[in-house]
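Visitor: Pasting in a structure now, in structure tokens, and then I'll have a few things to ask.
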Protein chains: 2
Amino acid sequence: MTTPLRLGIAGLGTVGVGVVKIIRQKANLLAQRTGRPVVITAVSARSKDKDRGVNLEQYAWETDPVALAQRDDVDVFVELMGGDNGPAKASIEAAIAAGKDVVTANKALLAHHGQAIAAAAEEKSCVVRYEAAVAGGIPVIKALTEGLAGNDITRVMGVMNGTCNYILTRMQDAGLPYDAVFAEADALGYLEADPNLDVGGIDAGHKLALLASIAFGTQVSFDKMELEGIQRISIEDIKLAADMGFKIKLLGVAQLTGRGLEQRMTPCLVPEESPLGQLKGGTNMVVIEGDAVEQVVLRGPGAGEGPTASAVVGDICDVARGFRYPTFGIPANELAVPTPATSNSPAPYYLRMDILDRPGALAKIASALGECGVSIDRVRQRQHEGSDRAPVLIVTHKTQGSAVHDAIALMRQTNVLESEPVALRIETV
Amino acid sequence: MTTPLRLGIAGLGTVGVGVVKIIRQKANLLAQRTGRPVVITAVSARSKDKDRGVNLEQYAWETDPVALAQRDDVDVFVELMGGDNGPAKASIEAAIAAGKDVVTANKALLAHHGQAIAAAAEEKSCVVRYEAAVAGGIPVIKALTEGLAGNDITRVMGVMNGTCNYILTRMQDAGLPYDAVFAEADALGYLEADPNLDVGGIDAGHKLALLASIAFGTQVSFDKMELEGIQRISIEDIKLAADMGFKIKLLGVAQLTGRGLEQRMTPCLVPEESPLGQLKGGTNMVVIEGDAVEQVVLRGPGAGEGPTASAVVGDICDVARGFRYPTFGIPANELAVPTPATSNSPAPYYLRMDILDRPGALAKIASALGECGVSIDRVRQRQHEGSDRAPVLIVTHKTQGSAVHDAIALMRQTNVLESEPVALRIETV
């Protein structure tokens, strides 16, 4: 095959420009590796005149990404605009309708519309590839879909939002409160336009939903995920966890059990000396467990121009080599509709709350736990500092998450809570 | 494509039986994932009657693997016999001559004859896949060849021999000498028939040579590798390293510099809290650095029935899906002949030796180092325990390996050495 593979790139932000640079600068290497020239024929972005540090004059310009997606001289539509709707969705749909292959970094779009896109792509014999959508430069989708294809995957876990990990690491290292570090991250441009996508766990949840679909052969089911962000994690939580030898991470876990598909993206305590506990800043880590391979752990940069562009170009090279398979690894109409299950495997829990500093208050908390069958491993009630609030830390023995939530519901009825309890699962993976 | 992919499996040891089990037990899953049935038509091994815990009656039996490789009802020849010559080589050559694709776990064969095999395979439009040859269940060849195809790879590193890592870890944990742990490993069946393949660093060297070829687009060059095994590592070295916060690992490093291709597989000191330092037992770790992706780290089981079979089946699935590319990522005749270069980037070195307990002995050692421009960071001369030998530990400042070797050559001429010095590079990756 020496016919060139012709790309149309929509979206010329950091990642788009990174992709353009690689395709230009490594033309010979890519041709050698894929067996054919890989060229850009057309590009699209909101503003034509912006200086992006790369000469785009040789490429046709389209203001409308849908028009770009439909061009006769485009074989692969590379969507790097982002957004779970709007131009990204319209142009990917147009590309598929026109029989083009698609490479995208768009986790939100696939988490919400993955099933429809996969079905449409198969109808037109197109491929949709999205390595860059999950864990940046780490080739994790490839590992799961291809390298580990001989496995029944038993569990997928990961820390997959660099911004959250940056905030949590920075809070710990600098002893700063959440709000201060959030403001820092914002100033550094680390946050999405809607910061809740990051700190609310939604972005990481989108990624986990895509991995779960591939791992278990189920339709993407983001809406049914147990989802909690890091906004309620205080510097106090981080310090208390550190005192006990733990770090707090926004951790995703997906597994298929007899009860159904468990998916959660929640802040957890992990041992500080574990690989997950040692993860700093924007680095991502994905743990894949399969019945044959046991456990494979992949670590790398979760974002940034180079790493994300690396993943996009990896996908483009696969298309150039003629690698073709269904969007989520098996045909769209064979993906099972998963039964959502609450993650209920027993684990110790960390609980922190403020209670009224009055006789019997702690007893009420303790009996709420007891009534729900949650037994206490450690309690610490600290000094009051002149207020009428008493901060309490409780570590439970292994228990089910549902029992902890039941106990918290009971606590709320006692009128001794001065704040909503923080309950975090302790994962000793 | 619904034509079945028909496998002929030669070699029914642990891995071969593992592959047979997966192909049988997961027939539906593999068909769903690859889009076509994957079936075994014939097998071959030395003894037909041995009970392997799996029913082989439904498959044709060939005593001669060459005959198996040539069967008309075999599309893919799966070579799991091992050995860098003999039946493995003959049957792979026969398979390629007959136009069959090949999947193998044979690192030794490819390290020695990779170039010829790659050229022959391309001549006949066959593919040769060998994910299981490097780092067991970790899909590292796939990551390097495909996922990171948009990168100029700058360095590849790894701990890739589980037996060596088991021996070093066990020496440290149990405080046992090398010989005792070697005997244990032998009794547990962890060693190759020729143990020097493991403890001499040869097996790990084969793996590094294959990764270097893919990473840098060069012909496999195992013979030019700087190679040192773990046989001279004493429990004393392990304890001294631990006192300074280091662990000893058999570490491979390959990089292409202006001076040529550097490849070394040698015991090194690594910080105990680093990911490499934390690696225990048979677990492997490979670190890949590229200009776009920065750094990706892959960790997983380096051997064993399940993990190795997982890698073999991953390759089989790729062939079933029609993924085809040259053996080392680019066409065999485009692979450059590498100029071997001695790894000479500066690093601190750990030196241990016994010297004669006489006045001026240490001064002679120190001046040998000084003459070669090696400056000393720390020296420790320990108690003599009633002998006339004085054990000496020296940690140097950053220096080139060649200067350390020159200094050791000078030391040998002083007649104060009571034993050959142990010199280990300290890697602070």
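Each chain in the structure tokens gets a letter, A, B and so on, in the order shown; residues start at 1 in every chain, and ligands are counted from 1 in the order they appear.
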Under the rule of at most 7 Å, produce a per-residue listing of chain A near chain B: chain, number, name, the closest pair of atoms, and the distance in Å, as CSV, using only C-alpha atoms.

Guide:
```
residue,atom,partner,partner_atom,distance
A:Ile22,CA,B:Gly150,CA,6.9
A:Leu30,CA,B:Gly150,CA,6.9
A:Gln32,CA,B:Ile330,CA,5.8
A:Arg33,CA,B:Ile330,CA,5.1
A:Gly137,CA,B:Val293,CA,5.6
A:Ile138,CA,B:Val296,CA,6.4
A:Pro139,CA,B:Gly147,CA,5.4
A:Lys142,CA,B:Gly147,CA,7.0
A:Ala143,CA,B:Pro139,CA,6.3
A:Glu146,CA,B:Gly314,CA,6.2
A:Gly147,CA,B:Gly314,CA,4.8
A:Leu148,CA,B:Gly314,CA,5.7
A:Ala149,CA,B:Gly314,CA,5.4
A:Gly150,CA,B:Val313,CA,5.3
A:Asn151,CA,B:Ser310,CA,6.6
A:Ala292,CA,B:Gly306,CA,4.2
A:Val293,CA,B:Pro307,CA,4.0
A:Glu294,CA,B:Pro307,CA,6.8
A:Gln295,CA,B:Gly300,CA,5.9
A:Val296,CA,B:Gly300,CA,4.5
A:Val297,CA,B:Arg299,CA,5.0
A:Leu298,CA,B:Leu298,CA,4.7
A:Arg299,CA,B:Val297,CA,5.0
A:Gly300,CA,B:Val296,CA,4.5
A:Gly306,CA,B:Ala292,CA,4.2
A:Pro307,CA,B:Val293,CA,4.0
A:Ser310,CA,B:Gly150,CA,5.5
A:Ala311,CA,B:Gly147,CA,6.7
A:Val313,CA,B:Gly150,CA,5.3
A:Gly314,CA,B:Gly147,CA,4.8
A:Cys317,CA,B:Ala149,CA,6.9
A:Asp318,CA,B:Glu146,CA,6.9
A:Phe323,CA,B:Phe323,CA,5.5
A:Gly329,CA,B:Arg33,CA,6.0
A:Ile330,CA,B:Arg33,CA,5.1
```

Visitor: Those residues you just picked out, can you put them in a file as an mmCIF file, in the first residue's frame with N, CA and C atoms?

Guide:
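Once everything was written out, this is selection-v2.cif:
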```cif
data_model
loop_
_atom_site.group_PDB
_atom_site.id
_atom_site.type_symbol
_atom_site.label_atom_id
_atom_site.label_comp_id
_atom_site.auth_asym_id
_atom_site.auth_seq_id
_atom_site.Cartn_x
_atom_site.Cartn_y
_atom_site.Cartn_z
ATOM 1 N N ILE A 22 3.990 16.560 14.576
ATOM 2 C CA ILE A 22 4.526 15.191 14.426
ATOM 3 C C ILE A 22 4.370 14.715 12.985
ATOM 4 N N LEU A 30 7.179 7.952 9.821
ATOM 5 C CA LEU A 30 5.821 7.404 9.801
ATOM 6 C C LEU A 30 5.581 6.577 8.543
ATOM 7 N N GLN A 32 7.850 4.959 6.921
ATOM 8 C CA GLN A 32 8.621 3.726 7.099
ATOM 9 C C GLN A 32 7.859 2.754 8.010
ATOM 10 N N ARG A 33 7.282 3.303 9.057
ATOM 11 C CA ARG A 33 6.596 2.441 10.021
ATOM 12 C C ARG A 33 5.253 1.933 9.517
ATOM 13 N N GLY A 137 -0.926 9.771 27.042
ATOM 14 C CA GLY A 137 0.044 9.079 26.203
ATOM 15 C C GLY A 137 0.161 7.585 26.442
ATOM 16 N N ILE A 138 -0.516 7.057 27.453
ATOM 17 C CA ILE A 138 -0.406 5.624 27.758
ATOM 18 C C ILE A 138 -1.235 4.824 26.759
ATOM 19 N N PRO A 139 -0.637 3.866 26.057
ATOM 20 C CA PRO A 139 -1.436 3.078 25.094
ATOM 21 C C PRO A 139 -2.289 2.024 25.795
ATOM 22 N N LYS A 142 -5.193 0.237 23.498
ATOM 23 C CA LYS A 142 -4.534 -0.789 22.694
ATOM 24 C C LYS A 142 -4.201 -2.025 23.532
ATOM 25 N N ALA A 143 -3.681 -1.806 24.717
ATOM 26 C CA ALA A 143 -3.337 -2.943 25.581
ATOM 27 C C ALA A 143 -4.578 -3.775 25.880
ATOM 28 N N GLU A 146 -6.299 -5.177 22.322
ATOM 29 C CA GLU A 146 -5.487 -6.037 21.465
ATOM 30 C C GLU A 146 -4.534 -6.919 22.270
ATOM 31 N N GLY A 147 -3.622 -6.304 22.997
ATOM 32 C CA GLY A 147 -2.575 -7.087 23.666
ATOM 33 C C GLY A 147 -3.137 -8.098 24.652
ATOM 34 N N LEU A 148 -4.230 -7.741 25.327
ATOM 35 C CA LEU A 148 -4.798 -8.632 26.335
ATOM 36 C C LEU A 148 -6.072 -9.315 25.835
ATOM 37 N N ALA A 149 -6.209 -9.423 24.505
ATOM 38 C CA ALA A 149 -7.443 -9.980 23.921
ATOM 39 C C ALA A 149 -7.692 -11.428 24.331
ATOM 40 N N GLY A 150 -6.678 -12.126 24.818
ATOM 41 C CA GLY A 150 -6.860 -13.510 25.257
ATOM 42 C C GLY A 150 -7.372 -13.642 26.682
ATOM 43 N N ASN A 151 -7.655 -12.529 27.311
ATOM 44 C CA ASN A 151 -8.083 -12.551 28.711
ATOM 45 C C ASN A 151 -9.564 -12.257 28.890
ATOM 46 N N ALA A 292 -5.784 -14.530 32.650
ATOM 47 C CA ALA A 292 -4.516 -15.139 32.241
ATOM 48 C C ALA A 292 -3.321 -14.284 32.650
ATOM 49 N N VAL A 293 -3.402 -12.991 32.424
ATOM 50 C CA VAL A 293 -2.218 -12.143 32.598
ATOM 51 C C VAL A 293 -1.995 -11.735 34.044
ATOM 52 N N GLU A 294 -2.967 -12.006 34.909
ATOM 53 C CA GLU A 294 -2.890 -11.567 36.303
ATOM 54 C C GLU A 294 -3.037 -10.036 36.360
ATOM 55 N N GLN A 295 -1.926 -9.314 36.442
ATOM 56 C CA GLN A 295 -2.068 -7.867 36.569
ATOM 57 C C GLN A 295 -1.010 -7.131 35.739
ATOM 58 N N VAL A 296 -1.452 -6.176 34.958
ATOM 59 C CA VAL A 296 -0.540 -5.316 34.215
ATOM 60 C C VAL A 296 -0.811 -3.879 34.649
ATOM 61 N N VAL A 297 0.259 -3.137 34.901
ATOM 62 C CA VAL A 297 0.125 -1.753 35.347
ATOM 63 C C VAL A 297 0.819 -0.846 34.333
ATOM 64 N N LEU A 298 0.112 0.180 33.886
ATOM 65 C CA LEU A 298 0.648 1.105 32.899
ATOM 66 C C LEU A 298 0.676 2.503 33.509
ATOM 67 N N ARG A 299 1.810 3.189 33.372
ATOM 68 C CA ARG A 299 1.936 4.524 33.956
ATOM 69 C C ARG A 299 2.497 5.491 32.932
ATOM 70 N N GLY A 300 2.022 6.711 32.905
ATOM 71 C CA GLY A 300 2.564 7.688 31.971
ATOM 72 C C GLY A 300 1.845 9.012 32.090
ATOM 73 N N GLY A 306 2.567 16.832 23.841
ATOM 74 C CA GLY A 306 3.326 15.695 23.310
ATOM 75 C C GLY A 306 2.647 14.363 23.574
ATOM 76 N N PRO A 307 2.356 14.047 24.829
ATOM 77 C CA PRO A 307 1.763 12.738 25.126
ATOM 78 C C PRO A 307 0.423 12.507 24.422
ATOM 79 N N SER A 310 0.979 12.035 20.785
ATOM 80 C CA SER A 310 1.565 10.697 20.593
ATOM 81 C C SER A 310 0.470 9.647 20.442
ATOM 82 N N ALA A 311 -0.538 9.736 21.305
ATOM 83 C CA ALA A 311 -1.629 8.758 21.248
ATOM 84 C C ALA A 311 -2.455 8.923 19.973
ATOM 85 N N VAL A 313 -1.436 10.139 17.093
ATOM 86 C CA VAL A 313 -0.651 9.676 15.945
ATOM 87 C C VAL A 313 -0.532 8.140 15.961
ATOM 88 N N GLY A 314 -0.466 7.543 17.146
ATOM 89 C CA GLY A 314 -0.478 6.073 17.219
ATOM 90 C C GLY A 314 -1.723 5.501 16.544
ATOM 91 N N CYS A 317 -1.493 5.920 12.787
ATOM 92 C CA CYS A 317 -0.603 4.898 12.201
ATOM 93 C C CYS A 317 -1.322 3.558 12.077
ATOM 94 N N ASP A 318 -2.122 3.203 13.076
ATOM 95 C CA ASP A 318 -2.884 1.959 12.988
ATOM 96 C C ASP A 318 -3.823 1.982 11.782
ATOM 97 N N PHE A 323 -5.262 -1.481 10.228
ATOM 98 C CA PHE A 323 -5.833 -2.196 11.385
ATOM 99 C C PHE A 323 -7.274 -1.746 11.573
ATOM 100 N N GLY A 329 -14.218 -2.893 20.526
ATOM 101 C CA GLY A 329 -13.533 -4.191 20.528
ATOM 102 C C GLY A 329 -14.364 -5.335 19.988
ATOM 103 N N ILE A 330 -15.678 -5.282 20.167
ATOM 104 C CA ILE A 330 -16.572 -6.290 19.583
ATOM 105 C C ILE A 330 -17.695 -5.533 18.870
#
```

Visitor: Using the chain letters and numbers from this document, which residues of stretch 239-419 of chain B does DSSP assign to helix (DSSP H, G or I), as an NGL selection string?

Guide: :B and (239-243 or 305-321 or 332-334 or 361-371 or 401-412)

Visitor: Save the residues we just selected, N, CA and C atoms, as a CSV table (one decimal), in the first residue's frame?

Guide:
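This went into out.csv:
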```csv
chain,number,residue,atom,x,y,z
B,239,LYS,N,23.5,-5.8,51.1
B,239,LYS,CA,23.3,-5.1,52.4
B,239,LYS,C,23.9,-3.7,52.3
B,240,LEU,N,25.1,-3.6,51.7
B,240,LEU,CA,25.7,-2.3,51.6
B,240,LEU,C,24.9,-1.3,50.8
B,241,ALA,N,24.3,-1.8,49.7
B,241,ALA,CA,23.5,-1.0,48.9
B,241,ALA,C,22.2,-0.6,49.7
B,242,ALA,N,21.7,-1.5,50.4
B,242,ALA,CA,20.5,-1.2,51.2
B,242,ALA,C,20.8,-0.1,52.3
B,243,ASP,N,22.0,-0.2,52.9
B,243,ASP,CA,22.3,0.8,53.9
B,243,ASP,C,22.3,2.2,53.3
B,305,GLU,N,2.7,-19.6,33.1
B,305,GLU,CA,1.8,-20.1,32.0
B,305,GLU,C,0.8,-19.1,31.6
B,306,GLY,N,0.0,-18.5,32.5
B,306,GLY,CA,-1.1,-17.6,32.1
B,306,GLY,C,-0.5,-16.3,31.4
B,307,PRO,N,0.4,-15.6,32.1
B,307,PRO,CA,0.9,-14.4,31.4
B,307,PRO,C,1.5,-14.6,30.1
B,308,THR,N,2.3,-15.6,29.9
B,308,THR,CA,3.0,-15.8,28.6
B,308,THR,C,2.0,-16.3,27.6
B,309,ALA,N,1.1,-17.2,28.0
B,309,ALA,CA,0.0,-17.6,27.1
B,309,ALA,C,-0.8,-16.4,26.6
B,310,SER,N,-1.1,-15.5,27.6
B,310,SER,CA,-1.9,-14.2,27.3
B,310,SER,C,-1.2,-13.5,26.1
B,311,ALA,N,0.1,-13.3,26.2
B,311,ALA,CA,0.9,-12.6,25.2
B,311,ALA,C,0.8,-13.4,23.8
B,312,VAL,N,1.0,-14.7,23.9
B,312,VAL,CA,0.9,-15.5,22.6
B,312,VAL,C,-0.5,-15.3,22.0
B,313,VAL,N,-1.5,-15.4,22.8
B,313,VAL,CA,-2.9,-15.3,22.2
B,313,VAL,C,-3.2,-13.9,21.7
B,314,GLY,N,-2.6,-12.9,22.4
B,314,GLY,CA,-2.7,-11.5,21.9
B,314,GLY,C,-2.2,-11.4,20.5
B,315,ASP,N,-1.0,-12.0,20.2
B,315,ASP,CA,-0.5,-12.0,18.9
B,315,ASP,C,-1.4,-12.8,17.9
B,316,ILE,N,-1.8,-13.9,18.3
B,316,ILE,CA,-2.7,-14.7,17.5
B,316,ILE,C,-4.0,-13.9,17.1
B,317,CYS,N,-4.5,-13.2,18.0
B,317,CYS,CA,-5.7,-12.4,17.7
B,317,CYS,C,-5.4,-11.3,16.7
B,318,ASP,N,-4.2,-10.7,16.9
B,318,ASP,CA,-3.8,-9.7,15.9
B,318,ASP,C,-3.7,-10.3,14.5
B,319,VAL,N,-3.1,-11.5,14.4
B,319,VAL,CA,-3.1,-12.1,13.1
B,319,VAL,C,-4.5,-12.4,12.6
B,320,ALA,N,-5.3,-12.9,13.5
B,320,ALA,CA,-6.7,-13.2,13.1
B,320,ALA,C,-7.4,-11.9,12.6
B,321,ARG,N,-7.1,-10.8,13.2
B,321,ARG,CA,-7.8,-9.5,12.7
B,321,ARG,C,-7.1,-9.0,11.5
B,332,ALA,N,12.7,-5.1,6.8
B,332,ALA,CA,14.0,-5.7,7.2
B,332,ALA,C,15.2,-5.0,6.5
B,333,ASN,N,15.0,-4.7,5.2
B,333,ASN,CA,16.2,-4.2,4.5
B,333,ASN,C,16.4,-2.7,4.8
B,334,GLU,N,15.5,-2.1,5.6
B,334,GLU,CA,15.6,-0.7,6.0
B,334,GLU,C,16.2,-0.6,7.4
B,361,ALA,N,47.9,0.5,51.4
B,361,ALA,CA,47.1,-0.2,50.4
B,361,ALA,C,45.9,0.6,49.9
B,362,LEU,N,45.2,1.2,50.9
B,362,LEU,CA,44.1,2.1,50.5
B,362,LEU,C,44.6,3.3,49.6
B,363,ALA,N,45.7,3.8,50.0
B,363,ALA,CA,46.3,4.9,49.2
B,363,ALA,C,46.5,4.5,47.7
B,364,LYS,N,46.9,3.3,47.5
B,364,LYS,CA,47.2,2.9,46.1
B,364,LYS,C,45.9,2.8,45.3
B,365,ILE,N,44.8,2.3,46.0
B,365,ILE,CA,43.5,2.2,45.4
B,365,ILE,C,43.0,3.6,45.1
B,366,ALA,N,43.2,4.5,46.0
B,366,ALA,CA,42.7,5.9,45.9
B,366,ALA,C,43.4,6.6,44.7
B,367,SER,N,44.7,6.3,44.7
B,367,SER,CA,45.5,7.1,43.6
B,367,SER,C,45.2,6.5,42.2
B,368,ALA,N,44.9,5.2,42.2
B,368,ALA,CA,44.4,4.6,40.9
B,368,ALA,C,43.2,5.3,40.4
B,369,LEU,N,42.2,5.5,41.3
B,369,LEU,CA,41.0,6.3,40.9
B,369,LEU,C,41.4,7.7,40.5
B,370,GLY,N,42.2,8.4,41.3
B,370,GLY,CA,42.6,9.7,41.0
B,370,GLY,C,43.2,9.9,39.6
B,371,GLU,N,44.1,9.0,39.3
B,371,GLU,CA,44.8,9.0,38.1
B,371,GLU,C,43.9,8.9,36.9
B,401,GLY,N,31.9,5.2,32.9
B,401,GLY,CA,32.2,3.8,33.2
B,401,GLY,C,33.6,3.5,32.7
B,402,SER,N,34.0,4.1,31.6
B,402,SER,CA,35.3,3.7,31.1
B,402,SER,C,36.4,4.1,32.0
B,403,ALA,N,36.2,5.3,32.7
B,403,ALA,CA,37.2,5.7,33.7
B,403,ALA,C,37.3,4.7,34.9
B,404,VAL,N,36.1,4.2,35.3
B,404,VAL,CA,36.1,3.2,36.4
B,404,VAL,C,36.9,2.0,36.0
B,405,HIS,N,36.6,1.5,34.7
B,405,HIS,CA,37.3,0.3,34.3
B,405,HIS,C,38.8,0.5,34.1
B,406,ASP,N,39.2,1.7,33.7
B,406,ASP,CA,40.6,2.0,33.6
B,406,ASP,C,41.2,2.0,35.0
B,407,ALA,N,40.5,2.6,36.0
B,407,ALA,CA,41.1,2.6,37.3
B,407,ALA,C,41.2,1.2,37.9
B,408,ILE,N,40.2,0.4,37.6
B,408,ILE,CA,40.3,-1.0,38.1
B,408,ILE,C,41.5,-1.7,37.5
B,409,ALA,N,41.8,-1.4,36.2
B,409,ALA,CA,43.0,-2.0,35.5
B,409,ALA,C,44.3,-1.6,36.2
B,410,LEU,N,44.3,-0.3,36.6
B,410,LEU,CA,45.5,0.2,37.3
B,410,LEU,C,45.6,-0.5,38.7
B,411,MET,N,44.5,-0.6,39.4
B,411,MET,CA,44.5,-1.3,40.7
B,411,MET,C,45.1,-2.7,40.6
B,412,ARG,N,44.7,-3.4,39.6
B,412,ARG,CA,45.2,-4.8,39.4
B,412,ARG,C,46.7,-4.8,39.4
```

Visitor: Counting only C-alpha atoms, what is within 10 Å of stretch 76-78 of chain B, bar same-chain residues fewer than 2 positions away, as a PyMOL selection string?

Guide: chain B and resi 5-11+16+19+40+42-43+65-66+68-71+73-74+80-81+91-92+94-96+99-105+126-130+312-313+315-316+319-320

Visitor: Any chance you can output those residues with N, CA and C atoms as a compact mmCIF listing (two decimals), in the first residue's frame?

Guide:
```
# COMPACT_ATOMS: atom_id res chain seq x y z
N LEU B 5 -9.23 -19.08 11.52
CA LEU B 5 -7.77 -19.02 11.54
C LEU B 5 -7.29 -20.30 12.20
N ARG B 6 -6.47 -21.06 11.46
CA ARG B 6 -6.09 -22.40 11.92
C ARG B 6 -4.66 -22.42 12.45
N LEU B 7 -4.52 -22.84 13.69
CA LEU B 7 -3.22 -22.81 14.36
C LEU B 7 -2.59 -24.20 14.40
N GLY B 8 -1.27 -24.24 14.22
CA GLY B 8 -0.48 -25.43 14.51
C GLY B 8 0.46 -25.06 15.64
N ILE B 9 0.37 -25.76 16.76
CA ILE B 9 1.15 -25.38 17.94
C ILE B 9 2.27 -26.39 18.17
N ALA B 10 3.51 -25.92 18.15
CA ALA B 10 4.66 -26.80 18.38
C ALA B 10 5.27 -26.48 19.73
N GLY B 11 5.29 -27.47 20.62
CA GLY B 11 5.79 -27.25 21.97
C GLY B 11 4.63 -27.23 22.94
N GLY B 16 2.73 -23.73 26.05
CA GLY B 16 1.93 -24.34 24.99
C GLY B 16 0.59 -24.83 25.51
N VAL B 19 -1.68 -21.93 26.15
CA VAL B 19 -2.28 -21.40 24.92
C VAL B 19 -3.44 -22.30 24.47
N ILE B 40 -7.46 -24.67 16.70
CA ILE B 40 -6.22 -25.44 16.62
C ILE B 40 -6.48 -26.64 15.71
N ALA B 42 -3.56 -28.74 14.61
CA ALA B 42 -2.53 -29.75 14.83
C ALA B 42 -1.55 -29.28 15.90
N VAL B 43 -0.96 -30.25 16.58
CA VAL B 43 0.02 -29.94 17.62
C VAL B 43 1.23 -30.85 17.47
N PRO B 65 8.14 -31.04 14.22
CA PRO B 65 7.55 -29.69 14.12
C PRO B 65 7.66 -29.10 12.72
N VAL B 66 8.68 -29.54 11.96
CA VAL B 66 8.79 -29.04 10.58
C VAL B 66 7.59 -29.51 9.76
N LEU B 68 4.68 -30.18 10.98
CA LEU B 68 3.55 -29.38 11.47
C LEU B 68 3.51 -28.03 10.75
N ALA B 69 4.69 -27.40 10.67
CA ALA B 69 4.78 -26.07 10.08
C ALA B 69 4.35 -26.06 8.62
N GLN B 70 4.47 -27.19 7.97
CA GLN B 70 4.19 -27.24 6.53
C GLN B 70 2.77 -27.72 6.20
N ARG B 71 2.00 -28.10 7.21
CA ARG B 71 0.67 -28.66 6.94
C ARG B 71 -0.24 -27.68 6.20
N ASP B 73 -3.34 -27.46 6.47
CA ASP B 73 -4.45 -26.97 7.30
C ASP B 73 -3.97 -26.08 8.45
N VAL B 74 -2.77 -25.57 8.33
CA VAL B 74 -2.24 -24.64 9.34
C VAL B 74 -2.00 -23.27 8.68
N LEU B 80 6.53 -22.76 20.32
CA LEU B 80 6.73 -22.59 21.77
C LEU B 80 7.70 -23.64 22.30
N MET B 81 8.66 -24.04 21.45
CA MET B 81 9.64 -25.04 21.88
C MET B 81 10.85 -24.38 22.51
N SER B 91 11.88 -25.24 12.07
CA SER B 91 10.44 -25.25 11.81
C SER B 91 9.91 -23.86 11.49
N ILE B 92 10.48 -22.83 12.11
CA ILE B 92 10.05 -21.47 11.76
C ILE B 92 10.45 -21.17 10.32
N ALA B 94 10.79 -23.35 7.97
CA ALA B 94 9.90 -24.14 7.12
C ALA B 94 8.53 -23.49 7.01
N ALA B 95 8.05 -22.96 8.15
CA ALA B 95 6.73 -22.32 8.14
C ALA B 95 6.74 -21.12 7.19
N ILE B 96 7.77 -20.28 7.31
CA ILE B 96 7.85 -19.10 6.45
C ILE B 96 7.97 -19.53 4.98
N GLY B 99 4.86 -20.13 3.55
CA GLY B 99 3.93 -18.99 3.51
C GLY B 99 3.04 -18.85 4.73
N LYS B 100 3.45 -19.48 5.85
CA LYS B 100 2.63 -19.38 7.07
C LYS B 100 3.08 -18.19 7.91
N ASP B 101 2.13 -17.59 8.63
CA ASP B 101 2.49 -16.61 9.65
C ASP B 101 3.04 -17.35 10.86
N VAL B 102 3.83 -16.64 11.65
CA VAL B 102 4.49 -17.26 12.80
C VAL B 102 4.22 -16.44 14.05
N VAL B 103 3.86 -17.13 15.14
CA VAL B 103 3.82 -16.51 16.46
C VAL B 103 4.75 -17.31 17.34
N THR B 104 5.66 -16.63 18.03
CA THR B 104 6.64 -17.35 18.83
C THR B 104 6.92 -16.60 20.13
N ALA B 105 7.44 -17.35 21.10
CA ALA B 105 7.88 -16.74 22.36
C ALA B 105 9.40 -16.80 22.47
N CYS B 126 4.88 -12.96 5.00
CA CYS B 126 4.41 -13.53 6.27
C CYS B 126 4.69 -12.56 7.41
N VAL B 127 3.92 -12.66 8.47
CA VAL B 127 4.26 -11.89 9.66
C VAL B 127 4.85 -12.81 10.72
N VAL B 128 5.74 -12.25 11.52
CA VAL B 128 6.35 -12.95 12.66
C VAL B 128 6.07 -12.10 13.88
N ARG B 129 5.35 -12.65 14.83
CA ARG B 129 5.00 -11.88 16.04
C ARG B 129 5.56 -12.58 17.26
N TYR B 130 5.98 -11.82 18.27
CA TYR B 130 6.73 -12.42 19.39
C TYR B 130 6.56 -11.63 20.69
N VAL B 312 0.96 -14.68 23.85
CA VAL B 312 0.90 -15.48 22.62
C VAL B 312 -0.48 -15.34 21.98
N VAL B 313 -1.53 -15.43 22.79
CA VAL B 313 -2.88 -15.34 22.24
C VAL B 313 -3.17 -13.93 21.73
N ASP B 315 -1.03 -12.03 20.24
CA ASP B 315 -0.47 -12.03 18.88
C ASP B 315 -1.35 -12.80 17.89
N ILE B 316 -1.84 -13.94 18.34
CA ILE B 316 -2.72 -14.74 17.46
C ILE B 316 -3.95 -13.93 17.08
N VAL B 319 -3.14 -11.48 14.38
CA VAL B 319 -3.06 -12.14 13.07
C VAL B 319 -4.49 -12.44 12.57
N ALA B 320 -5.34 -12.88 13.48
CA ALA B 320 -6.73 -13.18 13.09
C ALA B 320 -7.44 -11.94 12.57
```

Visitor: Can you measure atom CA of A:Glu272 to atom CA of A:Gly373 for me? One decimal in Å is fine.

Guide: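 So the answer is 28.6 Å.
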
Visitor: Out of stretch 250-298 of chain B, which residues get strand (DSSP E or B) from DSSP, as a ChimeraX atom specification?

Guide: /B:250-257,260-271,283-290,294-298

Visitor: Can you tell me, as a ChimeraX atom specification, what residues are no more than 6 Å from stretch 249-265 of chain B when counting only C-alpha atoms, ignoring any on the same chain fewer than 3 positions away?

Guide: /B:155-159,205,225-227,268,338-343
